[in-house]
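Asker: Sharing data-v4.txt below, compact mmCIF, C-alpha atoms:
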# COMPACT_ATOMS: atom_id res chain seq x y z
CA MET Y 1 49.57 86.35 23.96
CA GLY Y 2 47.37 88.29 26.34
CA ARG Y 3 48.09 90.08 29.54
CA ILE Y 4 49.26 88.21 32.67
CA ALA Y 5 47.72 89.02 36.06
CA ILE Y 6 49.52 88.08 39.26
CA LEU Y 7 47.09 87.83 42.18
CA GLY Y 8 48.92 88.47 45.43
CA GLY Y 9 51.68 89.84 43.26
CA THR Y 10 52.98 92.33 45.78
CA GLY Y 11 54.76 89.60 47.75
CA PRO Y 12 58.42 88.98 46.90
CA GLU Y 13 57.75 85.85 44.83
CA GLY Y 14 54.95 87.36 42.76
CA LEU Y 15 56.87 90.57 42.17
CA GLY Y 16 59.98 88.59 41.26
CA LEU Y 17 58.13 86.49 38.70
CA GLY Y 18 56.35 89.61 37.45
CA MET Y 19 59.67 91.32 36.78
CA ARG Y 20 61.09 88.20 35.07
CA LEU Y 21 58.03 87.98 32.81
CA THR Y 22 58.12 91.69 32.00
CA LEU Y 23 61.78 91.32 31.06
CA ALA Y 24 60.73 88.44 28.80
CA GLY Y 25 58.41 90.81 26.93
CA GLU Y 26 55.08 90.07 28.62
CA GLU Y 27 52.53 92.61 29.79
CA VAL Y 28 52.08 91.98 33.52
CA VAL Y 29 49.66 93.41 36.09
CA ILE Y 30 50.42 92.98 39.77
CA GLY Y 31 47.32 92.50 41.92
CA SER Y 32 46.69 93.19 45.59
CA ARG Y 33 43.64 93.55 47.79
CA ARG Y 34 44.71 97.17 48.18
CA PRO Y 35 45.03 98.96 44.82
CA GLU Y 36 47.33 101.68 46.16
CA ARG Y 37 49.74 98.98 47.43
CA ALA Y 38 49.62 97.26 44.02
CA ALA Y 39 50.44 100.55 42.31
CA ARG Y 40 53.33 101.28 44.68
CA VAL Y 41 54.90 97.82 44.34
CA ALA Y 42 54.44 97.90 40.55
CA GLU Y 43 56.29 101.21 40.50
CA GLU Y 44 59.12 99.72 42.59
CA GLY Y 45 59.33 96.80 40.18
CA SER Y 46 59.35 99.12 37.18
CA GLU Y 47 62.25 101.04 38.70
CA ARG Y 48 64.18 97.78 39.24
CA LEU Y 49 63.49 96.90 35.61
CA ARG Y 50 64.76 100.31 34.44
CA SER Y 51 67.96 99.71 36.40
CA VAL Y 52 68.69 96.70 34.19
CA GLY Y 53 67.79 98.58 31.02
CA CYS Y 54 64.20 97.42 30.57
CA THR Y 55 61.80 100.26 29.71
CA ARG Y 56 58.67 98.10 29.88
CA ARG Y 57 56.62 98.77 33.01
CA LEU Y 58 54.73 96.66 35.54
CA LEU Y 59 51.14 97.74 36.19
CA GLY Y 60 49.28 97.44 39.49
CA ALA Y 61 45.58 97.09 40.35
CA GLU Y 62 43.14 95.59 42.82
CA ASN Y 63 43.17 91.74 42.55
CA GLY Y 64 39.71 91.41 40.99
CA ARG Y 65 40.32 94.21 38.47
CA THR Y 66 43.54 92.63 37.14
CA ILE Y 67 41.64 89.60 35.86
CA ALA Y 68 39.42 91.20 33.20
CA GLY Y 69 42.00 91.77 30.46
CA ALA Y 70 44.23 88.81 31.31
CA ASP Y 71 44.27 85.31 29.85
CA LEU Y 72 46.79 83.85 32.26
CA ILE Y 73 46.33 84.35 35.99
CA VAL Y 74 49.17 83.65 38.40
CA LEU Y 75 48.27 82.75 42.00
CA SER Y 76 51.01 84.03 44.25
CA PHE Y 77 49.59 84.30 47.74
CA PRO Y 78 49.97 82.30 50.96
CA TYR Y 79 47.98 79.09 51.16
CA SER Y 80 45.33 80.76 53.35
CA GLY Y 81 44.32 82.77 50.29
CA VAL Y 82 43.23 79.63 48.45
CA ARG Y 83 40.19 79.31 50.72
CA GLU Y 84 39.69 83.01 51.44
CA LEU Y 85 40.04 84.45 47.99
CA LEU Y 86 39.38 81.85 45.30
CA PRO Y 87 35.77 80.71 45.86
CA GLN Y 88 34.47 84.22 45.19
CA LEU Y 89 36.64 84.52 42.06
CA ALA Y 90 35.68 81.15 40.53
CA ALA Y 91 33.13 82.60 38.09
CA VAL Y 92 35.38 85.34 36.75
CA LEU Y 93 38.31 82.90 36.46
CA ALA Y 94 36.30 80.35 34.45
CA GLY Y 95 37.98 79.50 31.14
CA LYS Y 96 41.32 81.04 32.12
CA VAL Y 97 44.69 79.38 32.50
CA ILE Y 98 45.76 79.52 36.15
CA LEU Y 99 49.41 79.27 37.13
CA ASP Y 100 49.57 78.10 40.74
CA LEU Y 101 52.68 79.00 42.76
CA VAL Y 102 51.19 78.18 46.17
CA ASN Y 103 53.16 76.09 48.71
CA PRO Y 104 51.11 74.93 51.71
CA LEU Y 105 53.95 74.72 54.22
CA VAL Y 106 54.12 74.65 57.97
CA LEU Y 107 57.14 75.13 60.21
CA GLU Y 108 57.24 72.72 63.16
CA LYS Y 109 60.21 72.43 65.51
CA ARG Y 110 62.25 74.51 63.04
CA VAL Y 111 61.61 72.06 60.21
CA PHE Y 112 59.44 72.77 57.16
CA ARG Y 113 56.88 70.22 56.05
CA THR Y 114 53.86 70.34 53.75
CA ALA Y 115 50.52 70.88 55.45
CA PRO Y 116 48.37 67.76 55.09
CA LEU Y 117 45.53 68.65 52.71
CA PRO Y 118 42.45 66.54 51.90
CA ALA Y 119 42.98 67.30 48.20
CA GLY Y 120 46.60 66.09 48.39
CA SER Y 121 48.17 69.37 47.27
CA ALA Y 122 47.38 73.05 46.89
CA GLY Y 123 47.39 72.57 43.12
CA GLU Y 124 44.67 69.92 43.27
CA GLU Y 125 42.62 71.93 45.78
CA ILE Y 126 42.79 75.01 43.54
CA GLN Y 127 41.67 72.95 40.53
CA SER Y 128 38.69 71.64 42.50
CA ILE Y 129 37.67 75.17 43.56
CA LEU Y 130 38.26 76.58 40.06
CA SER Y 131 36.64 73.66 38.26
CA GLU Y 132 36.01 75.72 35.10
CA SER Y 133 39.61 76.92 34.88
CA GLN Y 134 42.74 75.11 33.72
CA VAL Y 135 45.22 74.93 36.58
CA VAL Y 136 48.95 74.45 36.02
CA SER Y 137 51.26 74.19 39.02
CA GLY Y 138 54.73 75.57 38.48
CA PHE Y 139 57.56 77.74 39.85
CA LYS Y 140 56.85 76.16 43.24
CA ASN Y 141 60.54 75.46 43.85
CA GLN Y 142 61.89 78.87 42.82
CA SER Y 143 62.87 80.99 45.80
CA ALA Y 144 61.51 84.52 46.03
CA GLU Y 145 65.07 85.70 46.53
CA GLU Y 146 66.27 84.20 43.25
CA LEU Y 147 63.18 85.34 41.35
CA ARG Y 148 63.70 88.92 42.54
CA ASN Y 149 67.39 88.98 41.73
CA ILE Y 150 66.77 89.87 38.09
CA GLU Y 151 70.43 90.75 37.43
CA LYS Y 152 71.12 87.00 37.55
CA ALA Y 153 69.74 84.13 35.47
CA LEU Y 154 67.24 81.98 37.33
CA ARG Y 155 68.81 78.74 38.52
CA GLY Y 156 67.22 75.30 38.50
CA ASP Y 157 64.50 73.69 36.44
CA VAL Y 158 60.91 74.91 36.50
CA VAL Y 159 58.87 71.71 36.80
CA VAL Y 160 55.20 72.09 35.88
CA CYS Y 161 52.17 69.83 35.96
CA GLY Y 162 48.47 69.99 35.22
CA ASP Y 163 45.53 68.04 33.89
CA HIS Y 164 44.93 70.30 30.85
CA PRO Y 165 47.72 69.76 28.30
CA GLU Y 166 46.97 72.96 26.32
CA ALA Y 167 47.27 75.01 29.50
CA THR Y 168 50.52 73.28 30.43
CA ALA Y 169 51.81 74.01 26.92
CA ARG Y 170 50.89 77.69 27.34
CA VAL Y 171 52.88 77.87 30.58
CA LEU Y 172 55.84 76.02 29.05
CA GLN Y 173 55.86 78.53 26.17
CA LEU Y 174 55.98 81.31 28.73
CA ILE Y 175 58.85 79.66 30.61
CA ALA Y 176 60.76 79.25 27.35
CA ARG Y 177 60.82 83.02 27.00
CA ILE Y 178 62.74 83.45 30.25
CA PRO Y 179 66.45 83.28 29.42
CA ARG Y 180 68.34 80.11 30.31
CA VAL Y 181 65.45 78.50 32.18
CA ARG Y 182 64.23 75.01 31.35
CA GLY Y 183 60.59 74.08 31.84
CA VAL Y 184 59.99 70.40 32.57
CA ASP Y 185 56.55 68.86 32.03
CA ALA Y 186 55.76 66.29 34.74
CA GLY Y 187 52.27 65.48 33.42
CA ALA Y 188 49.28 65.07 35.72
CA LEU Y 189 48.40 67.64 38.38
CA VAL Y 190 48.85 65.06 41.16
CA ASN Y 191 52.58 65.76 40.76
CA ALA Y 192 51.92 69.06 42.54
CA ARG Y 193 52.22 66.99 45.73
CA SER Y 194 55.82 66.25 44.85
CA LEU Y 195 56.58 69.84 43.83
CA GLU Y 196 55.24 71.16 47.14
CA ALA Y 197 57.20 68.52 49.06
CA ILE Y 198 60.35 69.54 47.19
CA THR Y 199 59.86 73.13 48.37
CA ALA Y 200 59.80 71.91 51.99
CA LEU Y 201 63.00 69.95 51.38
CA LEU Y 202 64.76 72.89 49.72
CA LEU Y 203 63.82 75.24 52.57
CA ASN Y 204 65.21 72.74 55.07
CA LEU Y 205 68.42 72.48 53.04
CA ASN Y 206 68.61 76.29 52.89
CA ARG Y 207 68.32 76.54 56.64
CA ARG Y 208 70.76 73.76 57.37
CA HIS Y 209 73.41 74.71 54.83
CA ARG Y 210 72.86 78.50 54.80
CA ALA Y 211 72.22 78.42 51.09
CA ILE Y 212 69.59 79.15 48.48
CA THR Y 213 69.01 75.83 46.81
CA SER Y 214 67.07 74.73 43.78
CA ILE Y 215 66.76 71.48 41.89
CA GLU Y 216 67.80 70.25 38.50
CA ILE Y 217 66.43 67.13 36.85
CA LEU Y 218 69.21 65.00 35.38
CA GLY Y 219 68.78 62.48 32.59
CA LEU Y 220 66.06 64.13 30.49
CA PRO Y 221 66.45 63.93 26.72
CA PRO Y 222 67.34 67.24 25.02
CA SER Y 223 64.14 69.08 24.13
CA MET D 1 83.53 49.71 59.82
CA GLY D 2 81.49 46.55 60.20
CA ARG D 3 79.62 44.45 57.74
CA ILE D 4 76.59 45.78 55.86
CA ALA D 5 73.45 43.65 55.54
CA ILE D 6 70.89 44.38 52.82
CA LEU D 7 67.47 42.98 53.75
CA GLY D 8 65.49 42.26 50.60
CA GLY D 9 68.78 42.64 48.79
CA THR D 10 67.94 40.28 45.96
CA GLY D 11 65.78 42.91 44.26
CA PRO D 12 67.47 45.04 41.60
CA GLU D 13 67.87 48.09 43.84
CA GLY D 14 69.33 46.18 46.80
CA LEU D 15 71.67 44.20 44.60
CA GLY D 16 72.71 47.37 42.76
CA LEU D 17 73.56 49.17 45.99
CA GLY D 18 75.24 46.01 47.31
CA MET D 19 77.54 45.92 44.29
CA ARG D 20 78.31 49.65 44.57
CA LEU D 21 79.20 49.26 48.25
CA THR D 22 81.32 46.17 47.60
CA LEU D 23 83.18 48.11 44.92
CA ALA D 24 83.72 50.85 47.50
CA GLY D 25 85.49 48.32 49.74
CA GLU D 26 82.68 47.31 52.08
CA GLU D 27 81.79 43.80 53.17
CA VAL D 28 78.17 43.27 52.12
CA VAL D 29 75.69 40.44 52.76
CA ILE D 30 72.58 40.21 50.63
CA GLY D 31 69.53 38.94 52.51
CA SER D 32 66.40 37.18 51.31
CA ARG D 33 63.63 35.18 52.91
CA ARG D 34 65.00 32.25 50.94
CA PRO D 35 68.69 31.60 51.65
CA GLU D 36 69.28 29.70 48.39
CA ARG D 37 67.96 32.70 46.44
CA ALA D 38 70.23 35.03 48.43
CA ALA D 39 73.21 32.83 47.64
CA ARG D 40 72.36 32.68 43.93
CA VAL D 41 71.88 36.46 43.57
CA ALA D 42 75.05 37.16 45.58
CA GLU D 43 76.92 34.88 43.17
CA GLU D 44 75.47 36.76 40.18
CA GLY D 45 76.52 40.06 41.77
CA SER D 46 80.01 38.72 42.46
CA GLU D 47 80.35 37.73 38.81
CA ARG D 48 79.28 41.22 37.71
CA LEU D 49 81.88 42.64 40.09
CA ARG D 50 84.58 40.37 38.64
CA SER D 51 83.68 41.64 35.17
CA VAL D 52 84.70 45.15 36.25
CA GLY D 53 87.88 43.90 37.91
CA CYS D 54 86.68 43.69 41.52
CA THR D 55 87.72 40.48 43.27
CA ARG D 56 85.76 41.18 46.43
CA ARG D 57 82.62 39.04 46.71
CA LEU D 58 79.02 39.58 47.79
CA LEU D 59 77.70 37.11 50.35
CA GLY D 60 74.13 35.85 50.63
CA ALA D 61 72.05 34.59 53.55
CA GLU D 62 68.56 34.39 54.99
CA ASN D 63 67.36 37.90 56.02
CA GLY D 64 67.48 37.28 59.79
CA ARG D 65 70.92 35.63 59.63
CA THR D 66 72.51 38.58 57.81
CA ILE D 67 71.88 40.88 60.75
CA ALA D 68 74.06 39.26 63.44
CA GLY D 69 77.49 40.41 62.23
CA ALA D 70 76.36 43.68 60.66
CA ASP D 71 76.34 47.19 62.14
CA LEU D 72 74.50 48.86 59.26
CA ILE D 73 71.30 47.31 57.93
CA VAL D 74 69.85 48.42 54.60
CA LEU D 75 66.10 47.99 54.07
CA SER D 76 65.51 47.32 50.39
CA PHE D 77 62.14 45.67 50.06
CA PRO D 78 58.71 46.82 48.85
CA TYR D 79 56.67 48.89 51.29
CA SER D 80 54.55 45.85 52.25
CA GLY D 81 57.65 44.44 53.93
CA VAL D 82 57.70 47.28 56.44
CA ARG D 83 54.65 45.85 58.20
CA GLU D 84 55.24 42.18 57.41
CA LEU D 85 58.91 41.89 58.21
CA LEU D 86 60.04 44.63 60.57
CA PRO D 87 57.96 44.14 63.76
CA GLN D 88 59.44 40.69 64.31
CA LEU D 89 62.98 42.00 63.71
CA ALA D 90 62.73 45.02 66.02
CA ALA D 91 64.55 43.38 68.93
CA VAL D 92 67.47 42.11 66.87
CA LEU D 93 67.76 45.47 65.05
CA ALA D 94 67.91 47.48 68.30
CA GLY D 95 71.01 49.67 68.47
CA LYS D 96 71.81 49.32 64.76
CA VAL D 97 71.94 51.99 62.09
CA ILE D 98 69.16 51.36 59.56
CA LEU D 99 69.40 52.73 56.02
CA ASP D 100 65.86 52.95 54.64
CA LEU D 101 65.47 52.80 50.84
CA VAL D 102 61.71 52.13 50.87
CA ASN D 103 59.35 54.11 48.60
CA PRO D 104 55.64 53.63 49.38
CA LEU D 105 54.30 54.27 45.87
CA VAL D 106 51.05 53.45 44.14
CA LEU D 107 50.28 53.62 40.43
CA GLU D 108 46.83 55.08 39.69
CA LYS D 109 45.65 55.87 36.16
CA ARG D 110 49.22 55.39 34.94
CA VAL D 111 50.56 58.05 37.33
CA PHE D 112 52.77 57.33 40.34
CA ARG D 113 51.95 58.92 43.66
CA THR D 114 53.03 58.26 47.24
CA ALA D 115 50.69 56.10 49.28
CA PRO D 116 49.14 58.17 52.08
CA LEU D 117 50.63 56.90 55.35
CA PRO D 118 49.54 57.81 58.88
CA ALA D 119 53.20 58.26 59.84
CA GLY D 120 53.74 60.65 56.90
CA SER D 121 56.46 58.59 55.21
CA ALA D 122 57.91 55.10 55.15
CA GLY D 123 61.01 56.46 56.87
CA GLU D 124 59.02 57.76 59.82
CA GLU D 125 56.94 54.59 60.03
CA ILE D 126 60.09 52.46 60.08
CA GLN D 127 61.57 54.62 62.85
CA SER D 128 58.41 54.19 64.92
CA ILE D 129 58.49 50.37 64.47
CA LEU D 130 62.24 50.21 65.12
CA SER D 131 62.18 52.64 68.02
CA GLU D 132 65.50 51.35 69.42
CA SER D 133 67.30 51.69 66.08
CA GLN D 134 68.64 54.77 64.32
CA VAL D 135 66.89 55.16 60.98
CA VAL D 136 68.40 57.12 58.11
CA SER D 137 66.45 57.49 54.87
CA GLY D 138 68.55 57.70 51.75
CA PHE D 139 69.09 56.49 48.18
CA LYS D 140 65.32 56.79 47.71
CA ASN D 141 65.72 58.66 44.43
CA GLN D 142 68.33 56.38 42.85
CA SER D 143 66.84 54.12 40.19
CA ALA D 144 67.55 50.40 40.40
CA GLU D 145 68.71 50.54 36.80
CA GLU D 146 71.37 53.15 37.53
CA LEU D 147 72.44 51.45 40.75
CA ARG D 148 72.93 48.15 38.90
CA ASN D 149 74.85 49.68 36.03
CA ILE D 150 78.16 49.56 37.91
CA GLU D 151 80.20 50.32 34.81
CA LYS D 152 78.93 53.89 35.08
CA ALA D 153 79.21 56.44 37.89
CA LEU D 154 75.99 56.97 39.79
CA ARG D 155 74.23 60.15 38.71
CA GLY D 156 72.45 62.63 40.95
CA ASP D 157 72.76 63.55 44.60
CA VAL D 158 72.00 61.11 47.39
CA VAL D 159 69.89 63.11 49.82
CA VAL D 160 69.65 61.61 53.31
CA CYS D 161 67.75 62.48 56.47
CA GLY D 162 67.27 61.12 59.97
CA ASP D 163 66.73 62.09 63.57
CA HIS D 164 70.03 60.59 64.84
CA PRO D 165 72.94 62.75 63.66
CA GLU D 166 75.61 60.10 64.35
CA ALA D 167 73.74 57.59 62.23
CA THR D 168 73.33 60.13 59.44
CA ALA D 169 77.06 60.84 59.64
CA ARG D 170 77.78 57.10 59.35
CA VAL D 171 75.67 56.89 56.17
CA LEU D 172 77.26 60.03 54.72
CA GLN D 173 80.71 58.51 55.32
CA LEU D 174 79.59 55.45 53.42
CA ILE D 175 78.26 57.53 50.53
CA ALA D 176 81.54 59.43 50.39
CA ARG D 177 83.29 56.16 49.55
CA ILE D 178 81.23 55.70 46.37
CA PRO D 179 83.11 57.45 43.56
CA ARG D 180 81.75 60.78 42.32
CA VAL D 181 78.58 60.67 44.43
CA ARG D 182 77.58 63.53 46.69
CA GLY D 183 75.64 62.87 49.88
CA VAL D 184 73.42 65.75 51.00
CA ASP D 185 72.19 65.95 54.60
CA ALA D 186 68.63 67.27 54.76
CA GLY D 187 68.35 67.03 58.54
CA ALA D 188 65.23 65.70 60.28
CA LEU D 189 63.61 62.42 59.25
CA VAL D 190 60.37 64.20 58.32
CA ASN D 191 62.18 65.08 55.07
CA ALA D 192 61.67 61.44 54.06
CA ARG D 193 58.22 62.61 52.94
CA SER D 194 59.85 64.84 50.37
CA LEU D 195 62.34 62.19 49.27
CA GLU D 196 59.53 59.68 48.69
CA ALA D 197 57.49 62.30 46.82
CA ILE D 198 60.52 63.03 44.62
CA THR D 199 60.69 59.36 43.66
CA ALA D 200 57.07 59.52 42.46
CA LEU D 201 57.89 62.64 40.42
CA LEU D 202 61.01 61.07 38.87
CA LEU D 203 59.11 57.92 37.90
CA ASN D 204 56.44 60.06 36.22
CA LEU D 205 59.14 62.00 34.38
CA ASN D 206 60.77 58.71 33.33
CA ARG D 207 57.51 57.43 31.92
CA ARG D 208 56.61 60.66 30.16
CA HIS D 209 60.03 61.45 28.72
CA ARG D 210 61.32 57.86 28.26
CA ALA D 211 64.29 58.61 30.44
CA ILE D 212 65.98 57.62 33.65
CA THR D 213 66.01 60.78 35.70
CA SER D 214 67.61 61.78 38.95
CA ILE D 215 67.93 65.03 40.84
CA GLU D 216 70.72 67.36 41.71
CA ILE D 217 70.55 70.04 44.37
CA LEU D 218 71.92 73.35 43.12
CA GLY D 219 73.24 76.12 45.31
CA LEU D 220 74.83 74.15 48.17
CA PRO D 221 78.16 75.40 49.49
CA PRO D 222 81.16 73.20 48.62
CA SER D 223 81.62 70.56 51.34
What does the file become when written as structure tokens?
Answerer:
Amino acid sequence: MGRIAILGGTGPEGLGLGMRLTLAGEEVVIGSRRPERAARVAEEGSERLRSVGCTRRLLGAENGRTIAGADLIVLSFPYSGVRELLPQLAAVLAGKVILDLVNPLVLEKRVFRTAPLPAGSAGEEIQSILSESQVVSGFKNQSAEELRNIEKALRGDVVVCGDHPEATARVLQLIARIPRVRGVDAGALVNARSLEAITALLLNLNRRHRAITSIEILGLPPS
Amino acid sequence: MGRIAILGGTGPEGLGLGMRLTLAGEEVVIGSRRPERAARVAEEGSERLRSVGCTRRLLGAENGRTIAGADLIVLSFPYSGVRELLPQLAAVLAGKVILDLVNPLVLEKRVFRTAPLPAGSAGEEIQSILSESQVVSGFKNQSAEELRNIEKALRGDVVVCGDHPEATARVLQLIARIPRVRGVDAGALVNARSLEAITALLLNLNRRHRAITSIEILGLPPS
């Protein structure tokens, strides 16, 4: 498979996923608006990878430049980036598989909730902006802290959804390469609403119980 | 503790929970608009209970009549009942703990999604109608089929939320009496949005994977 670009990949979640995917044997480029920041964070990630015996390196580049050689583009920026960054990238992202990690959350009175969006979810909004791309929502419920902690296996299921089955299959193949992680296909992209709502719930549980929580789906047939 | 009334308790979910709570030692009255139907379904439930060696019986009565002697009222009817049934019961439900099981779901193009509600969730809408009651949302993610299957332990966590901590504690105490079930306190009632969204996700997973799914929260400290 081709290279993976992580837009907004210098944040803890993007870097964490980037390291996990590099460990799984993928070629990953971390993107940032500032190329020197991308390079620095990629170097940090590569050092972390070396510390667990992985000699493969993360690369870093300016967001737009990461896209050219990549066939799977991960969106790992705050929700504000959906409107600020994506419209101008729509043409260059046409035809690509997009993995959307975005959670549109707000904190009100110390409680997390999803921001009400006309599209229903960030995943659906991204698909409507990137109408020529194939959007898959996934990894929305994985905490940055767990993703970054590459010494430990990732906990909890990775539930994915999207309206382009081949793209969903591509992402599920990718997930299968990460040790001991189960990808769960929820079907249509409208399920992104549920995945984003689950993130709000998990953050509220984390706060209340001083924990880092994740979810597991019980009752699925063995794959 | 006092008697538990289950409004709309003749549906499979209400009856299932009613049997589970009777097994746990509670006195439960099943309510219906039609008292003869309530009596018949309560009798069916009592027979099921006898078949697993429980001699305690379910009672049945007209919805309004079940409330008088009860201190905990379970709402187990379709979402339409929230607007049709609750406003006229607000006065008699004042001061009571309300356990809300309602999931406001719609099926569009063979995919479940939550109905968009001005209040944000059925739980919040119920609290605003029953402003003198203490609403706790819970058991939203338990399938009727699993609740009814009293030969088997209930699978998955029961996540609850509400804005009245004493009422939430009362419901968690109740859950603790059901064998091998863990109650998880998510805090504020706004989390009902997430619980209802999870139900939509689980139903889509059930359909897609021909399964009966539930969720477990990983990472919580031992209680």
Asker: Determine, counting only C-alpha atoms, which protein, DNA and RNA residues have an atom within 8 Å of an atom of Ala42 (chain Y); residues of the same chain fewer than 5 positions away are not included. Present the result as a ChimeraX atom specification.
Answerer: /Y:10,15,29-30,57-60
Asker: Given a cut-off of 6 Å, which residues of chain Y touch chain D, counting only C-alpha atoms, written out as an mmCIF file with C-alpha atoms, in the coordinates of the input?
Answerer:
data_model
loop_
_atom_site.group_PDB
_atom_site.id
_atom_site.type_symbol
_atom_site.label_atom_id
_atom_site.label_comp_id
_atom_site.auth_asym_id
_atom_site.auth_seq_id
_atom_site.Cartn_x
_atom_site.Cartn_y
_atom_site.Cartn_z
ATOM 1 C CA ALA Y 186 55.760 66.290 34.740
ATOM 2 C CA SER Y 194 55.820 66.250 44.850
ATOM 3 C CA ALA Y 197 57.200 68.520 49.060
ATOM 4 C CA ILE Y 198 60.350 69.540 47.190
ATOM 5 C CA LEU Y 205 68.420 72.480 53.040
ATOM 6 C CA ALA Y 211 72.220 78.420 51.090
ATOM 7 C CA ILE Y 212 69.590 79.150 48.480
ATOM 8 C CA THR Y 213 69.010 75.830 46.810
ATOM 9 C CA SER Y 214 67.070 74.730 43.780
ATOM 10 C CA ILE Y 215 66.760 71.480 41.890
ATOM 11 C CA GLU Y 216 67.800 70.250 38.500
ATOM 12 C CA ILE Y 217 66.430 67.130 36.850
ATOM 13 C CA LEU Y 218 69.210 65.000 35.380
ATOM 14 C CA GLY Y 219 68.780 62.480 32.590
ATOM 15 C CA LEU Y 220 66.060 64.130 30.490
#
Asker: By how many Å are CA of Arg148 (chain Y) and CA of Pro222 (chain D) apart?
Answerer: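 Separation between CA of Arg148 (chain Y) and CA of Pro222 (chain D): 24.3 Å.
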Asker: Taking (59.5, 47.0, 62.0) in the file's coordinates as the center, which residues reach within 12 Å of it, counting only C-alpha atoms, put as an MDAnalysis selection string?
Answerer: chainID D and resid 75 79:94 98 100 122:133 135
Asker: Please check which residues have atoms at most 7 Å from (67.1, 46.1, 53.3) in the file's coordinates, counting all atoms listed in the file, and write them as a ChimeraX atom specification.
Answerer: /D:6-9,14,73-77
Asker: So which one's closest to Glu62 (chain Y), Y:Ala24, Y:Val97, Y:Val181, Y:Ala38? Using only C-alpha atoms, please.
Answerer: Y:Ala38
Asker: Please, what distance in Å, to one decimal, runs between CA of Gly183 (chain Y) and CA of Val158 (chain Y)?
Answerer: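 It comes out at 4.7 Å.
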Asker: Would you list the contacts of Arg177 (chain D) as a count of residues only, taking every protein, DNA or RNA residue within 10 Å and counting all atoms listed in the file, but skipping same-chain residues closer than 3 positions in sequence?
Answerer: 12
Asker: For the atom pair CA of Asn141 (chain Y) and CA of Ala167 (chain D), what is the interatomic distance in Å to one decimal place?
Answerer: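 CA of Asn141 (chain Y) sits 28.8 Å away from CA of Ala167 (chain D).
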Asker: Calculate, to one decimal in Å, the centre and edge lengths of the box along x, y and z of the file that holds all listed atoms of region 137-152 of chain Y with 5 Å of margin on each side, and present them as lines of an AutoDock Vina configuration file.
Answerer:
center_x = 61.2
center_y = 82.5
center_z = 42.0
size_x = 29.9
size_y = 26.6
size_z = 19.1
Asker: Give me the residues near Leu49 (chain D) as a VMD selection string, where near means some atom within 10 Å (using only C-alpha atoms) and where sequence neighbours in that chain fewer than 2 positions away do not count.
Answerer: chain D and resid 19 to 20 22 to 23 43 to 47 51 to 58 150 to 151
